[in-house]
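Peer 1: I am attaching a structure below and will ask some questions about it afterwards.
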Amino acid sequence: MSLPNHQPPTTNHPPHLPRHDWTLTEVEALFARPFMDLVFEAASVHRRWFDPSEVQTSQLLSIKTGGCAENCGYCSQSAAFDTGLKAEKLMDATSVIAEAMAAKAGGASRFCMGAAWRELKDRDTPKLAAMISGVKALGLETCATLGMLTADQARQLKDAGLDYYNHNLDTGPDYYADVVTTRTYQDRLDTLEHVRSAGMKTCCGGIVGMGESRRDRAGLLHALATLPEHPDSLPVNALVPVSGTPLGDRVRREGEIDPIEFVRTVAVARLVCPRAMVRLSAGREGMSAEMQALCFLAGANSIFVGGRLLTTPNPGEDADAALFAKLDLRPMALGVEARAA
C-alpha cells in the first residue's frame, strides 16, 4: 500500500530553519493546509530542535493586581471595566521571593512576575530589582511583564538578573484596534526592541479566541516571525472570558475558539518560529487532556504551572502531574535551549 504524497513546503526554504522573511500569504497558506499534514510537519520541525517528551514549566505571580490604565478588552485588571477586581499595591520583595521558593518546590524552572501597569515607573525599579535578584538567587530563571519599558529601564532590569521580559503583541495588526486603543502596535514593538538591545530574552505571543478572524491569527504569527529576532518564548493564550470586559462578554455570546483551530495556531507558531518555546498559556483549565496532547504533538513545549495565572484559573499541580504521566512527558531541565538542527 502506498502512502499519499505529503504536500511540499510553501517555499524552497528548508522548513526546519528559522526564517524572518515570511509573507502574510505564506502564513495564511500554512493555516489552510490539511490538518493532518500541518500537525505532522510541525511535529517534525519540533523534533529537529527539541526533545518532544520535554516541557518547560513556568509559574506566574501577579505582583501588582488591578487598576491598570490600559483598556485591553480582554483584561479583568483594566480600570476601564467593572469586573469586580480590587486594585492592590505592589507586593514586597520578601513575599515575592517566598512565592518563588514555593514555585520551585512545586517543579517550576522559571518564575514570572506580572504587574498591572501601563508602563514601568522609575520609582518602582529598585523594588523590582530586589525581587528579581532574590528570585534569581534561588536558581530559577526570571521573567517579568510590567508594561512598556524605556531603554534605560530595560538595562536596569537586565543588570538585576532578569532573563526574560514578556510583552505580547496580543493579536495581528489589523485587529489590534478592536482589542486596545491606549497604546499602539508600535509602542509594543519599541519595548521589544529595548528588551533585545539590553540583552534580555523576549517572551512574546498573543491571545486567540477574541473574535478575530483566521487572517488576524495569521497576522499575529507573521508579525512575530518577522521580528529581528524570533521570540525565545511564544505564549499562545486562549481567551478566558471575563464578565464585564468587552471581549469576554462578546465571546460569551458568540462562543469560544474551535479547539482544532487553536491546535492549528500552535502548529503554525512552531513552523514559523521553530526555535521558540511555544507555551500553552491562559485557557488551559478549559482544555481537555486530548486537546492538550494535540497541542504538544503540534509543537507546544512549555506551560504555566500552579493553580492561577494572574487573575484567571490554571490547572493545579496534581492535574498537571497526571497529564504528564498520561502523555509520558517530563519537565525540561533548567536553561535548555533549542538544539542545532
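The way I read the labels, and the way they are meant: chains A, B, ... in the order of the C-alpha cells, residue 1 as the first residue of every chain, and ligand 1 as the first ligand shown, with later ones counted on from there.
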Per residue of stretch 138-210 of chain A within 12 Å of stretch 245-254 of chain A, which atom pair is closest and at what distance in Å (one decimal), using only C-alpha atoms, listed by chain and increasing number, as CSV?

Peer 2:
```
residue,atom,partner,partner_atom,distance
A:Asp178,CA,A:Leu247,CA,9.0
A:Val179,CA,A:Leu247,CA,7.7
A:Val180,CA,A:Leu247,CA,10.4
A:Ile207,CA,A:Leu247,CA,11.3
A:Val208,CA,A:Val251,CA,11.0
A:Gly209,CA,A:Val251,CA,7.6
A:Met210,CA,A:Leu247,CA,6.0
```

Peer 1: Looking only at alpha helix (DSSP H) from DSSP on the backbone, list the matching residues of stretch 212-273 of chain A as a VMD selection string.

Peer 2: chain A and resid 214 to 225 246 to 254 259 to 272

Peer 1: List as a tab-separated table every residue of stretch 47-147 of chain A that is in contact with stretch 152-165 of chain A, defined as an atom at most 12 Å from one of its atoms (using only C-alpha atoms), together with the nearest atom pair and the distance in Å rounded to one decimal, sorted by chain and then rising number.

Peer 2:
```
residue	atom	partner	partner_atom	distance
A:Ser58	CA	A:Tyr164	CA	11.5
A:Arg110	CA	A:Asp163	CA	9.4
A:Phe111	CA	A:Tyr164	CA	9.9
A:Cys112	CA	A:Tyr164	CA	8.6
A:Met113	CA	A:Tyr165	CA	9.6
A:Gly114	CA	A:Tyr165	CA	10.0
A:Glu119	CA	A:Gln153	CA	10.4
A:Leu120	CA	A:Gln153	CA	7.9
A:Lys121	CA	A:Gln153	CA	8.8
A:Asp122	CA	A:Gln153	CA	7.4
A:Arg123	CA	A:Gln153	CA	10.8
A:Asp124	CA	A:Gln153	CA	10.4
A:Thr125	CA	A:Gln153	CA	7.5
A:Pro126	CA	A:Gln156	CA	9.0
A:Lys127	CA	A:Ala160	CA	10.5
A:Leu128	CA	A:Leu157	CA	7.9
A:Ala129	CA	A:Ala160	CA	5.1
A:Ala130	CA	A:Ala160	CA	7.5
A:Met131	CA	A:Ala160	CA	8.8
A:Ile132	CA	A:Gly161	CA	6.1
A:Ser133	CA	A:Ala160	CA	5.5
A:Gly134	CA	A:Gly161	CA	9.1
A:Val135	CA	A:Gly161	CA	8.9
A:Lys136	CA	A:Gly161	CA	6.5
A:Ala137	CA	A:Gly161	CA	9.1
A:Leu138	CA	A:Gly161	CA	11.7
A:Gly139	CA	A:Gly161	CA	11.2
A:Leu140	CA	A:Asp163	CA	9.7
A:Glu141	CA	A:Asp163	CA	6.3
A:Thr142	CA	A:Asp163	CA	5.2
A:Cys143	CA	A:Tyr164	CA	4.5
A:Ala144	CA	A:Tyr165	CA	5.2
A:Thr145	CA	A:Tyr165	CA	6.0
A:Leu146	CA	A:Tyr165	CA	8.4
A:Gly147	CA	A:Tyr165	CA	9.7
```

Peer 1: Filtering to C-alpha atoms, could you give me those residues as a compact mmCIF listing (two decimals), in the first residue's frame?

Peer 2:
```txt
# COMPACT_ATOMS: atom_id res chain seq x y z
CA SER A 58 6.95 28.38 34.36
CA ARG A 110 11.06 29.80 35.59
CA PHE A 111 9.30 32.35 37.79
CA CYS A 112 7.35 35.12 36.10
CA MET A 113 6.27 38.33 37.82
CA GLY A 114 3.41 40.37 36.37
CA GLU A 119 4.42 51.25 31.89
CA LEU A 120 7.13 50.81 34.49
CA LYS A 121 7.75 53.87 36.66
CA ASP A 122 11.35 54.64 37.64
CA ARG A 123 10.35 54.82 41.31
CA ASP A 124 9.42 51.15 41.29
CA THR A 125 12.56 49.88 39.60
CA PRO A 126 14.61 49.38 42.86
CA LYS A 127 11.81 47.27 44.37
CA LEU A 128 11.63 45.15 41.25
CA ALA A 129 15.39 44.77 41.15
CA ALA A 130 15.30 43.36 44.68
CA MET A 131 12.60 40.87 43.68
CA ILE A 132 14.44 39.81 40.53
CA SER A 133 17.80 39.34 42.20
CA GLY A 134 16.19 37.42 45.06
CA VAL A 135 14.36 35.05 42.71
CA LYS A 136 17.48 34.61 40.60
CA ALA A 137 19.46 33.64 43.71
CA LEU A 138 17.08 30.67 44.15
CA GLY A 139 18.37 29.17 40.92
CA LEU A 140 15.27 29.97 38.90
CA GLU A 141 15.03 31.66 35.54
CA THR A 142 13.39 35.06 35.93
CA CYS A 143 10.72 36.70 33.80
CA ALA A 144 8.65 39.86 34.23
CA THR A 145 5.80 41.62 32.48
CA LEU A 146 5.47 45.23 33.61
CA GLY A 147 4.09 47.07 30.61
```

Peer 1: From the list A:Ala293, A:Ala218, A:Ala105, A:Val278, which residue is nearest A:Val236 when using only C-alpha atoms?

Peer 2: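 Under the stated criterion, the closest residue is A:Val278.
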
Peer 1: Could you check how far atom CA of A:Ala102 sits from atom CA of A:Lys86, in Å to one decimal?

Peer 2: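 Separation between atom CA of A:Ala102 and atom CA of A:Lys86: 24.9 Å.
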